[in-house]
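Undergrad: Take a look at run34.tsv, TSV, N, CA and C atoms:
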chain	number	residue	atom	x	y	z
V	26	MET	N	5.60	19.10	-0.53
V	26	MET	CA	5.30	20.50	-0.71
V	26	MET	C	4.67	20.69	-2.09
V	27	ALA	N	3.62	21.48	-2.13
V	27	ALA	CA	2.92	21.74	-3.38
V	27	ALA	C	3.68	22.75	-4.22
V	28	THR	N	3.62	22.55	-5.52
V	28	THR	CA	4.18	23.51	-6.47
V	28	THR	C	3.12	23.77	-7.52
V	29	ALA	N	3.40	24.70	-8.41
V	29	ALA	CA	2.45	24.99	-9.48
V	29	ALA	C	2.24	23.77	-10.37
V	30	ASP	N	3.30	22.97	-10.55
V	30	ASP	CA	3.21	21.77	-11.41
V	30	ASP	C	2.58	20.59	-10.69
V	31	ARG	N	2.70	20.58	-9.37
V	31	ARG	CA	2.30	19.40	-8.61
V	31	ARG	C	1.54	19.83	-7.36
V	32	PRO	N	0.22	19.90	-7.45
V	32	PRO	CA	-0.54	20.33	-6.28
V	32	PRO	C	-0.47	19.30	-5.17
V	33	GLU	N	-0.61	19.75	-3.97
V	33	GLU	CA	-0.64	18.84	-2.82
V	33	GLU	C	-2.09	18.47	-2.53
V	34	PHE	N	-2.33	17.19	-2.38
V	34	PHE	CA	-3.68	16.72	-2.09
V	34	PHE	C	-3.75	16.34	-0.61
V	35	PRO	N	-4.82	16.72	0.08
V	35	PRO	CA	-4.94	16.32	1.47
V	35	PRO	C	-5.05	14.80	1.61
V	36	VAL	N	-5.64	14.16	0.63
V	36	VAL	CA	-5.73	12.70	0.57
V	36	VAL	C	-5.25	12.30	-0.81
V	37	PRO	N	-4.33	11.34	-0.91
V	37	PRO	CA	-3.86	10.95	-2.24
V	37	PRO	C	-5.02	10.54	-3.12
V	38	PRO	N	-5.00	10.91	-4.40
V	38	PRO	CA	-6.09	10.53	-5.30
V	38	PRO	C	-6.17	9.02	-5.46
V	39	ARG	N	-7.38	8.51	-5.64
V	39	ARG	CA	-7.58	7.09	-5.89
V	39	ARG	C	-7.42	6.85	-7.39
V	40	ILE	N	-6.94	5.69	-7.75
V	40	ILE	CA	-6.61	5.41	-9.14
V	40	ILE	C	-7.37	4.18	-9.63
V	41	SER	N	-7.97	4.32	-10.81
V	41	SER	CA	-8.52	3.19	-11.54
V	41	SER	C	-7.58	2.94	-12.70
V	42	VAL	N	-7.15	1.71	-12.87
V	42	VAL	CA	-6.26	1.36	-13.97
V	42	VAL	C	-7.12	0.79	-15.09
V	43	LEU	N	-7.07	1.42	-16.25
V	43	LEU	CA	-7.85	0.98	-17.40
V	43	LEU	C	-6.98	0.10	-18.29
V	44	VAL	N	-7.48	-1.08	-18.60
V	44	VAL	CA	-6.80	-2.00	-19.50
V	44	VAL	C	-7.73	-2.21	-20.69
V	45	VAL	N	-7.28	-1.79	-21.86
V	45	VAL	CA	-8.07	-1.91	-23.08
V	45	VAL	C	-7.58	-3.14	-23.83
V	46	THR	N	-8.52	-4.01	-24.20
V	46	THR	CA	-8.13	-5.27	-24.83
V	46	THR	C	-8.84	-5.50	-26.16
V	47	ASP	N	-8.16	-6.26	-27.00
V	47	ASP	CA	-8.74	-6.72	-28.27
V	47	ASP	C	-7.94	-7.94	-28.70
V	48	ASN	N	-8.48	-9.10	-28.46
V	48	ASN	CA	-7.81	-10.36	-28.81
V	48	ASN	C	-6.40	-10.44	-28.22
V	49	LEU	N	-6.33	-10.30	-26.91
V	49	LEU	CA	-5.04	-10.34	-26.22
V	49	LEU	C	-4.92	-11.55	-25.28
V	50	GLU	N	-5.60	-12.62	-25.62
V	50	GLU	CA	-5.61	-13.80	-24.75
V	50	GLU	C	-4.21	-14.23	-24.34
V	51	ALA	N	-3.25	-14.20	-25.25
V	51	ALA	CA	-1.90	-14.66	-24.96
V	51	ALA	C	-1.14	-13.73	-24.01
V	52	PHE	N	-1.59	-12.50	-23.84
V	52	PHE	CA	-0.83	-11.51	-23.09
V	52	PHE	C	-1.56	-10.91	-21.89
V	53	ILE	N	-2.88	-11.07	-21.80
V	53	ILE	CA	-3.65	-10.32	-20.82
V	53	ILE	C	-3.32	-10.71	-19.39
V	54	GLN	N	-3.10	-11.98	-19.11
V	54	GLN	CA	-2.78	-12.36	-17.73
V	54	GLN	C	-1.49	-11.70	-17.28
V	55	GLN	N	-0.48	-11.68	-18.12
V	55	GLN	CA	0.78	-11.03	-17.77
V	55	GLN	C	0.57	-9.53	-17.53
V	56	ALA	N	-0.27	-8.90	-18.34
V	56	ALA	CA	-0.55	-7.48	-18.17
V	56	ALA	C	-1.26	-7.22	-16.84
V	57	LEU	N	-2.24	-8.05	-16.50
V	57	LEU	CA	-2.96	-7.88	-15.24
V	57	LEU	C	-2.05	-8.13	-14.05
V	58	GLU	N	-1.20	-9.13	-14.14
V	58	GLU	CA	-0.24	-9.40	-13.06
V	58	GLU	C	0.74	-8.24	-12.88
V	59	SER	N	1.10	-7.60	-13.98
V	59	SER	CA	1.98	-6.43	-13.90
V	59	SER	C	1.29	-5.29	-13.16
V	60	VAL	N	0.03	-5.06	-13.45
V	60	VAL	CA	-0.73	-4.03	-12.72
V	60	VAL	C	-0.78	-4.38	-11.24
V	61	ALA	N	-1.08	-5.63	-10.92
V	61	ALA	CA	-1.19	-6.05	-9.53
V	61	ALA	C	0.14	-5.90	-8.80
V	62	ALA	N	1.25	-6.17	-9.47
V	62	ALA	CA	2.57	-6.06	-8.85
V	62	ALA	C	2.94	-4.61	-8.52
V	63	GLN	N	2.34	-3.68	-9.24
V	63	GLN	CA	2.64	-2.27	-9.02
V	63	GLN	C	1.64	-1.62	-8.07
V	64	ARG	N	0.75	-2.41	-7.54
V	64	ARG	CA	-0.34	-1.89	-6.72
V	64	ARG	C	0.19	-1.12	-5.51
V	65	THR	N	-0.43	-0.01	-5.29
V	65	THR	CA	-0.21	0.75	-4.07
V	65	THR	C	-1.55	0.88	-3.40
V	66	ASN	N	-1.59	1.47	-2.24
V	66	ASN	CA	-2.87	1.64	-1.57
V	66	ASN	C	-3.75	2.67	-2.28
V	67	ARG	N	-3.22	3.29	-3.33
V	67	ARG	CA	-4.00	4.27	-4.09
V	67	ARG	C	-4.78	3.63	-5.23
V	68	VAL	N	-4.44	2.40	-5.61
V	68	VAL	CA	-5.16	1.76	-6.72
V	68	VAL	C	-6.51	1.28	-6.19
V	69	LEU	N	-7.56	1.76	-6.80
V	69	LEU	CA	-8.91	1.45	-6.38
V	69	LEU	C	-9.45	0.21	-7.09
V	70	GLU	N	-9.16	0.10	-8.38
V	70	GLU	CA	-9.73	-0.99	-9.17
V	70	GLU	C	-9.00	-1.11	-10.50
V	71	VAL	N	-9.23	-2.25	-11.14
V	71	VAL	CA	-8.81	-2.46	-12.52
V	71	VAL	C	-10.08	-2.48	-13.35
V	72	VAL	N	-10.11	-1.69	-14.41
V	72	VAL	CA	-11.25	-1.63	-15.31
V	72	VAL	C	-10.79	-2.19	-16.65
V	73	VAL	N	-11.49	-3.20	-17.15
V	73	VAL	CA	-11.14	-3.80	-18.43
V	73	VAL	C	-12.21	-3.43	-19.45
V	74	ALA	N	-11.77	-2.81	-20.55
V	74	ALA	CA	-12.66	-2.46	-21.66
V	74	ALA	C	-12.23	-3.31	-22.85
V	75	ASP	N	-13.05	-4.26	-23.21
V	75	ASP	CA	-12.71	-5.17	-24.30
V	75	ASP	C	-13.42	-4.74	-25.58
V	76	ASP	N	-12.69	-4.80	-26.68
V	76	ASP	CA	-13.22	-4.39	-27.98
V	76	ASP	C	-13.75	-5.60	-28.75
V	77	ALA	N	-14.67	-6.33	-28.10
V	77	ALA	CA	-15.33	-7.50	-28.71
V	77	ALA	C	-14.33	-8.54	-29.19
V	78	SER	N	-13.42	-8.94	-28.30
V	78	SER	CA	-12.45	-9.97	-28.65
V	78	SER	C	-13.15	-11.25	-29.09
V	79	SER	N	-12.55	-11.92	-30.06
V	79	SER	CA	-13.11	-13.19	-30.53
V	79	SER	C	-12.32	-14.37	-29.99
V	80	ASP	N	-11.29	-14.11	-29.17
V	80	ASP	CA	-10.53	-15.19	-28.55
V	80	ASP	C	-10.96	-15.31	-27.09
V	81	GLY	N	-10.15	-15.87	-26.25
V	81	GLY	CA	-10.51	-16.09	-24.85
V	81	GLY	C	-10.08	-15.00	-23.90
V	82	THR	N	-9.86	-13.80	-24.41
V	82	THR	CA	-9.38	-12.70	-23.57
V	82	THR	C	-10.26	-12.50	-22.34
V	83	LEU	N	-11.56	-12.35	-22.53
V	83	LEU	CA	-12.44	-12.07	-21.39
V	83	LEU	C	-12.53	-13.24	-20.42
V	84	GLU	N	-12.40	-14.45	-20.90
V	84	GLU	CA	-12.41	-15.61	-20.00
V	84	GLU	C	-11.18	-15.57	-19.10
V	85	VAL	N	-10.02	-15.20	-19.66
V	85	VAL	CA	-8.80	-15.08	-18.86
V	85	VAL	C	-8.98	-13.97	-17.82
V	86	VAL	N	-9.54	-12.84	-18.23
V	86	VAL	CA	-9.76	-11.72	-17.30
V	86	VAL	C	-10.70	-12.15	-16.18
V	87	ARG	N	-11.81	-12.79	-16.52
V	87	ARG	CA	-12.77	-13.22	-15.51
V	87	ARG	C	-12.14	-14.21	-14.52
V	88	HIS	N	-11.35	-15.13	-15.04
V	88	HIS	CA	-10.68	-16.10	-14.17
V	88	HIS	C	-9.69	-15.39	-13.24
V	89	TRP	N	-8.90	-14.47	-13.78
V	89	TRP	CA	-7.93	-13.73	-12.99
V	89	TRP	C	-8.63	-12.92	-11.90
V	90	ALA	N	-9.78	-12.34	-12.25
V	90	ALA	CA	-10.52	-11.50	-11.30
V	90	ALA	C	-10.98	-12.29	-10.07
V	91	THR	N	-11.23	-13.59	-10.25
V	91	THR	CA	-11.72	-14.39	-9.11
V	91	THR	C	-10.68	-14.55	-8.01
V	92	SER	N	-9.39	-14.39	-8.35
V	92	SER	CA	-8.35	-14.54	-7.34
V	92	SER	C	-7.60	-13.24	-7.07
V	93	SER	N	-8.04	-12.16	-7.67
V	93	SER	CA	-7.35	-10.88	-7.50
V	93	SER	C	-7.73	-10.22	-6.18
V	94	ALA	N	-6.75	-9.60	-5.54
V	94	ALA	CA	-7.01	-8.83	-4.33
V	94	ALA	C	-7.64	-7.49	-4.67
V	95	MET	N	-7.53	-7.08	-5.92
V	95	MET	CA	-8.11	-5.81	-6.37
V	95	MET	C	-9.45	-6.07	-7.03
V	96	PRO	N	-10.39	-5.16	-6.85
V	96	PRO	CA	-11.63	-5.30	-7.60
V	96	PRO	C	-11.35	-5.14	-9.10
V	97	VAL	N	-12.02	-5.96	-9.89
V	97	VAL	CA	-11.89	-5.90	-11.34
V	97	VAL	C	-13.28	-5.65	-11.91
V	98	ARG	N	-13.40	-4.60	-12.69
V	98	ARG	CA	-14.68	-4.27	-13.34
V	98	ARG	C	-14.51	-4.46	-14.83
V	99	ILE	N	-15.37	-5.25	-15.44
V	99	ILE	CA	-15.30	-5.51	-16.88
V	99	ILE	C	-16.46	-4.78	-17.53
V	100	LEU	N	-16.14	-3.86	-18.41
V	100	LEU	CA	-17.17	-3.11	-19.12
V	100	LEU	C	-17.76	-3.98	-20.22
V	101	ASP	N	-19.04	-3.88	-20.41
V	101	ASP	CA	-19.69	-4.64	-21.47
V	101	ASP	C	-19.20	-4.17	-22.83
V	102	PRO	N	-18.73	-5.10	-23.68
V	102	PRO	CA	-18.31	-4.69	-25.03
V	102	PRO	C	-19.49	-4.09	-25.80
V	103	VAL	N	-19.21	-3.05	-26.55
V	103	VAL	CA	-20.25	-2.39	-27.35
V	103	VAL	C	-20.12	-2.76	-28.82
V	104	GLY	N	-19.24	-3.66	-29.16
V	104	GLY	CA	-18.98	-4.03	-30.54
V	104	GLY	C	-17.57	-3.65	-30.90
V	105	HIS	N	-17.14	-4.11	-32.01
V	105	HIS	CA	-15.77	-3.83	-32.44
V	105	HIS	C	-15.70	-2.39	-32.94
V	106	VAL	N	-15.25	-1.48	-32.07
V	106	VAL	CA	-15.26	-0.06	-32.39
V	106	VAL	C	-13.86	0.52	-32.57
V	107	GLY	N	-12.81	-0.25	-32.30
V	107	GLY	CA	-11.45	0.23	-32.44
V	107	GLY	C	-10.90	0.77	-31.13
V	108	ALA	N	-9.59	0.86	-31.07
V	108	ALA	CA	-8.91	1.25	-29.83
V	108	ALA	C	-9.30	2.62	-29.31
V	109	ALA	N	-9.39	3.61	-30.18
V	109	ALA	CA	-9.67	4.98	-29.72
V	109	ALA	C	-11.07	5.08	-29.11
V	110	LYS	N	-12.07	4.51	-29.74
V	110	LYS	CA	-13.43	4.61	-29.21
V	110	LYS	C	-13.64	3.68	-28.02
V	111	ASN	N	-12.91	2.58	-27.99
V	111	ASN	CA	-13.03	1.66	-26.88
V	111	ASN	C	-12.55	2.35	-25.63
Just dump the structure as C-alpha coordinates.
TA:
Amino acid sequence: MATADRPEFPVPPRISVLVVTDNLEAFIQQALESVAAQRTNRVLEVVVADDASSDGTLEVVRHWATSSAMPVRILDPVGHVGAAKN
(Lines of atoms letter the chains of each structure in order from A and count residues from 1; the text may use other names and numbers.)
(Lines give C-alpha, C1' and ligand atoms only; values in the text may rest on other atoms or scores of the structure.)
Protein backbone atom coordinates (compact mmCIF):
# COMPACT_ATOMS: atom_id res chain seq x y z
CA MET A 1 0.00 0.00 0.00
CA ALA A 2 1.31 3.43 -0.93
CA THR A 3 1.84 6.10 1.69
CA ALA A 4 3.08 9.66 1.52
CA ASP A 5 6.56 8.42 2.53
CA ARG A 6 6.59 5.40 0.27
CA PRO A 7 4.88 5.63 -3.10
CA GLU A 8 3.68 2.48 -4.78
CA PHE A 9 5.29 1.73 -8.12
CA PRO A 10 3.44 -0.31 -10.74
CA VAL A 11 6.80 -1.88 -11.60
CA PRO A 12 9.60 -1.99 -9.01
CA PRO A 13 12.34 0.51 -9.88
CA ARG A 14 15.50 -0.87 -11.46
CA ILE A 15 18.70 -0.32 -9.53
CA SER A 16 22.25 0.42 -10.61
CA VAL A 17 24.78 -0.13 -7.84
CA LEU A 18 27.63 2.38 -7.97
CA VAL A 19 30.99 1.30 -6.59
CA VAL A 20 33.54 4.11 -6.31
CA THR A 21 37.15 2.97 -6.12
CA ASP A 22 40.59 4.40 -5.51
CA ASN A 23 43.42 1.94 -4.95
CA LEU A 24 41.18 -0.75 -3.47
CA GLU A 25 42.82 -3.79 -5.05
CA ALA A 26 42.90 -5.65 -1.72
CA PHE A 27 39.19 -5.12 -1.06
CA ILE A 28 37.33 -4.67 -4.36
CA GLN A 29 36.60 -8.33 -5.08
CA GLN A 30 35.01 -8.77 -1.65
CA ALA A 31 32.94 -5.61 -2.21
CA LEU A 32 31.73 -6.81 -5.62
CA GLU A 33 30.88 -10.25 -4.24
CA SER A 34 28.89 -8.56 -1.47
CA VAL A 35 26.86 -6.66 -4.07
CA ALA A 36 26.28 -9.87 -6.03
CA ALA A 37 25.15 -11.73 -2.89
CA GLN A 38 22.51 -9.09 -2.25
CA ARG A 39 21.25 -9.17 -5.81
CA THR A 40 17.55 -9.11 -6.38
CA ASN A 41 15.72 -9.08 -9.67
CA ARG A 42 15.70 -5.28 -9.33
CA VAL A 43 19.48 -4.87 -9.68
CA LEU A 44 20.16 -3.86 -13.26
CA GLU A 45 23.93 -3.43 -13.22
CA VAL A 46 27.05 -2.65 -11.26
CA VAL A 47 28.75 0.60 -12.25
CA VAL A 48 32.37 1.07 -11.20
CA ALA A 49 33.82 4.59 -11.11
CA ASP A 50 37.55 4.45 -10.48
CA ASP A 51 39.52 7.50 -9.37
CA ALA A 52 42.64 6.66 -11.42
CA SER A 53 43.87 3.86 -9.17
CA SER A 54 47.57 3.13 -9.46
CA ASP A 55 47.25 -0.45 -8.19
CA GLY A 56 45.44 -3.41 -9.77
CA THR A 57 41.92 -2.36 -8.79
CA LEU A 58 40.58 -2.15 -12.35
CA GLU A 59 42.21 -5.43 -13.35
CA VAL A 60 40.41 -7.16 -10.46
CA VAL A 61 37.12 -5.52 -11.50
CA ARG A 62 37.56 -6.52 -15.15
CA HIS A 63 38.38 -10.10 -14.18
CA TRP A 64 35.38 -10.30 -11.83
CA ALA A 65 33.11 -8.88 -14.55
CA THR A 66 33.97 -11.76 -16.90
CA SER A 67 32.29 -14.26 -14.57
CA SER A 68 29.56 -12.07 -13.10
CA ALA A 69 25.91 -12.82 -13.77
CA MET A 70 25.27 -9.07 -13.53
CA PRO A 71 26.35 -6.61 -16.17
CA VAL A 72 29.33 -4.55 -15.00
CA ARG A 73 29.98 -1.13 -16.51
CA ILE A 74 33.34 0.51 -15.84
CA LEU A 75 33.43 4.26 -16.30
CA ASP A 76 36.56 5.67 -17.87
CA PRO A 77 38.71 7.37 -15.21
CA VAL A 78 38.93 11.12 -15.72
CA GLY A 79 42.01 11.55 -13.53
CA HIS A 80 42.55 11.67 -9.83
CA VAL A 81 39.68 13.98 -8.86
CA GLY A 82 38.82 12.76 -5.35
CA ALA A 83 35.88 10.83 -3.94
CA ALA A 84 33.24 13.57 -4.17
CA LYS A 85 33.85 14.43 -7.83
CA ASN A 86 34.37 10.81 -8.80
Undergrad: I'd like the contact shell of Lys110 of chain V - 12 Å cut-off, only C-alpha atoms, skipping same-chain residues fewer than 5 positions apart - returned as a list of chain:residue names.
TA: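 Surrounding residues, per the criterion: V:Val45, V:Ala74, V:Asp75, V:Asp76, V:Pro102, V:Val103, V:Gly104, V:His105.
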Undergrad: When you count only C-alpha atoms, which of these residues is closest to Thr82 of chain V: V:Ala62, V:Ala94, V:Val42, V:Ile99?
TA: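 Of V:Ala62, V:Ala94, V:Val42, V:Ile99, the one nearest Thr82 of chain V, counting only C-alpha atoms, is V:Ile99.
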Undergrad: From chain V, collect each residue whose DSSP state is strand (DSSP E) and return the set as a list of chain:residue names.
TA: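 The strand (DSSP E) residues within chain V come out as V:Ile40, V:Ser41, V:Val42, V:Leu43, V:Val44, V:Val45, V:Thr46, V:Val68, V:Leu69, V:Glu70, V:Val71, V:Val72, V:Val73, V:Ala74, V:Asp75, V:Val97, V:Arg98, V:Ile99, V:Leu100.
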Undergrad: What gap, in Å, lies between atom CA of Ile40 of chain V and atom CA of Ala77 of chain V?
TA: 25.0 Å
Undergrad: Using only N, CA and C atoms, which residue out of V:Ser41, V:Asn111, V:Thr91, V:Asn48 lies closest to Ser79 of chain V?
TA: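 Ranking V:Ser41, V:Asn111, V:Thr91, V:Asn48 by distance to Ser79 of chain V, first place goes to V:Asn48.
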Undergrad: Draw an axis-aligned box tight on the listed atoms of segment 95-101 of chain V, then pad every side by 5 Å and write out centre and edge lengths in Å to one decimal as JSON.
TA:
{"center_x": -13.6, "center_y": -5.1, "center_z": -14.4, "size_x": 22.2, "size_y": 14.0, "size_z": 26.9}
Undergrad: Contacts of Leu49 of chain V at 6.5 Å or less, counting all atoms listed in the file, minus same-chain residues fewer than 5 places along, as a list in words?
TA: Gln54, Ser78, Gly81 and Thr82 of chain V
Undergrad: If I take atom C of Gly107 of chain V and atom CA of Thr65 of chain V, how far is one from the other in Å, to one decimal?
TA: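 Interatomic distance, atom C of Gly107 of chain V to atom CA of Thr65 of chain V: 29.1 Å.
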Undergrad: Taking only N, CA and C atoms into account, which of V:Ala109, V:Val85, V:Val60, V:Val71 comes nearest Val44 of chain V?
TA: V:Val71
Undergrad: If I take atom N of Ser93 of chain V and atom C of Arg39 of chain V, how far is one from the other in Å, to one decimal?
TA: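 Atom N of Ser93 of chain V sits 19.0 Å away from atom C of Arg39 of chain V.
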Undergrad: Find, counting only N, CA and C atoms, the residue in V:Leu83, V:Val106, V:Ala90, V:Met95 that gets nearest to Glu50 of chain V.
TA: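 Ranked by minimum distance to Glu50 of chain V, first place goes to V:Leu83.
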Undergrad: With distances taken over all atoms listed in the file, which of V:Ala108, V:Leu43, V:Leu100, V:Ile53 is nearest to Glu70 of chain V?
TA: V:Leu43
Undergrad: In chain V, what's helix (DSSP H, G or I) per DSSP? Answer as a list in words?
TA: Ile53, Gln54, Gln55, Ala56, Leu57, Glu58, Ser59, Val60, Ala61, Ala62, Thr82, Leu83, Glu84, Val85, Val86, Arg87, His88, Trp89, Ala90, Thr91 and Ser92 of chain V
Undergrad: Rank nothing, just name the residue among V:Glu58, V:Asp101, V:Glu33, V:Asp47 nearest to Asp80 of chain V, using only N, CA and C atoms.
TA: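 Looking at the shortest contact to Asp80 of chain V, the residue is V:Asp47.
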